[in-house]
Every structure is written in C-alpha cells, then in structure tokens.
Amino acid sequence: MAFKVTGVEQGEWAVLGVSGELDLVTSPVLRQRVHDVVAEGHHCLVLDLSGVFFCDSSGVGVLIAARRLIRSCRGRLRLILPAQGASDGSHVNRVLGALGVRRLFDVYGDIDSATADEEDPLSA
C-alpha cells in the first residue's frame with residue numbers, strides 16, 4: 001500500500017487521513033501537510049491514522065511536532081486509531097505506548113467521535 005494523505009473538513013475540524021507506512025521517507029509529507037493546514041488557518045486538526053500499518057520513530061516525531069504546533073496556536077489535535085486497536089491492536093497505538101508518549105494525545109475510534117465536542121477520548 002502506497003503512503004497517502006487525504007484532507008477533508010468536518011465542521012471546524014480539518015481531518016487528514018493517513019494510510020500506508022509512516023516512516024523516515026514518508027513522514028516529511030505528513031509534516032508538510034500539517035503545516036499547510038495550520039497555515040490555512042485551521043487550528044482544530046484530526047489525524048486519522050486508522051490506515052497506518054507501520055510507524056517508526058520519525059513518524060512519532062511528526063505526531064509530537066504536530067501536537068506542539070497545534071498547541072502553539074491554541075488549537076486542538078486528536079488522533080483516530082481503529083476502534084478495536086485503540087486499546088491494544090493498533091500498531092501506532094503500541095508504538096506510542098512503548099515510547100511513553102501515548103498519554104500526550106487524545107485518541108478516538110472514528111471521525112464522528114473525534115469531531116464531536118461532547119465525546120471523551122478513549123482511555124490510554
């Protein structure tokens with residue numbers, strides 16, 4: 001599966017759907033897309049990582065940098081991991097947990113819950 005980043009807007013949220021491998025080669029693409037979205041004035045960002053089947057430390061670095069950028073704009077960043085993987089099955093979730101940074105992110109199971117303000121994130 002080739003790496004791909006797609007973008008849509010849902011209410012006040014910009015949603016970037018990411019699929020494929022998030023690694024040293026592809027992470028600059030996601031980093032640039034996040035910067036582009038913020039430059040367009042979107043400060044509420046959802047990264048849908050449900051299509052990511054591999055993530056290395058450079059991918060995690062992009063996620064942390066995105067969090068830092070969004071926070072500097074007083075915005076909100078939410079991650080989507082597969083509903084069945086948010087607790088144990090998602091590769092990205094396991095990597096975030098192993099590196100001890102999972103707690104930094106609000107994680108949701110799907111786009112609808114991530115873009116609804118009344119929803120609580122899935123537990124760590």
# chains A, B, ... in the order shown; residues from 1 in each chain; ligands from 1
>>> residues_around(residues="segment 5-21 of chain A", least_positions_apart="3", cutoff="6 Å", atoms="only C-alpha atoms", output="list in words")
Met1, Ala2, Cys44, Leu45, Val46, Leu47, Asp48, Leu49, Gly51, Val52, Phe53 and Phe54 of chain A
>>> select_by_dssp(residues="chain A", states="helix (DSSP H, G or I)", output="VMD selection string")
chain A and resid 27 to 39 57 to 72 85 to 89 91 to 98 102 to 104 111 to 115
>>> closest_residue(among="A:Ile70, A:Leu79, A:Ala65, A:Val60", to="Ala114 of chain A", atoms="only C-alpha atoms")
A:Leu79
>>> closest_residue(among="A:Arg76, A:Ile64, A:Leu30, A:Leu24", to="His42 of chain A", atoms="only C-alpha atoms")
A:Arg76
>>> closest_residue(among="A:Val29, A:Cys55, A:Ala39, A:Leu22", to="His91 of chain A", atoms="only C-alpha atoms")
A:Cys55
>>> atom_distance(atom1="atom CA of Gly41 of chain A", atom2="atom CA of Phe3 of chain A")
25.2 Å
>>> residues_around(residues="Ser57 of chain A", least_positions_apart="4", cutoff="12 Å", atoms="only C-alpha atoms", output="list in words")
Glu21, Leu22, Asp23, Leu24, Val25, Thr26, Ser27, Gly61, Val62, Leu63, Ile64, Val92, Val95, Leu96, Ala98, Leu99 and Val101 of chain A
>>> atom_distance(atom1="atom CA of Leu104 of chain A", atom2="atom CA of Arg71 of chain A")
11.5 Å
>>> atom_distance(atom1="atom CA of Ser113 of chain A", atom2="atom CA of Ser90 of chain A")
17.6 Å
>>> closest_residue(among="A:Lys4, A:Ser72, A:His35, A:Leu81", to="Arg94 of chain A", atoms="only C-alpha atoms")
A:Leu81
>>> closest_residue(among="A:Arg74, A:Leu69, A:Ile80, A:Arg103", to="Val37 of chain A", atoms="only C-alpha atoms")
A:Leu69
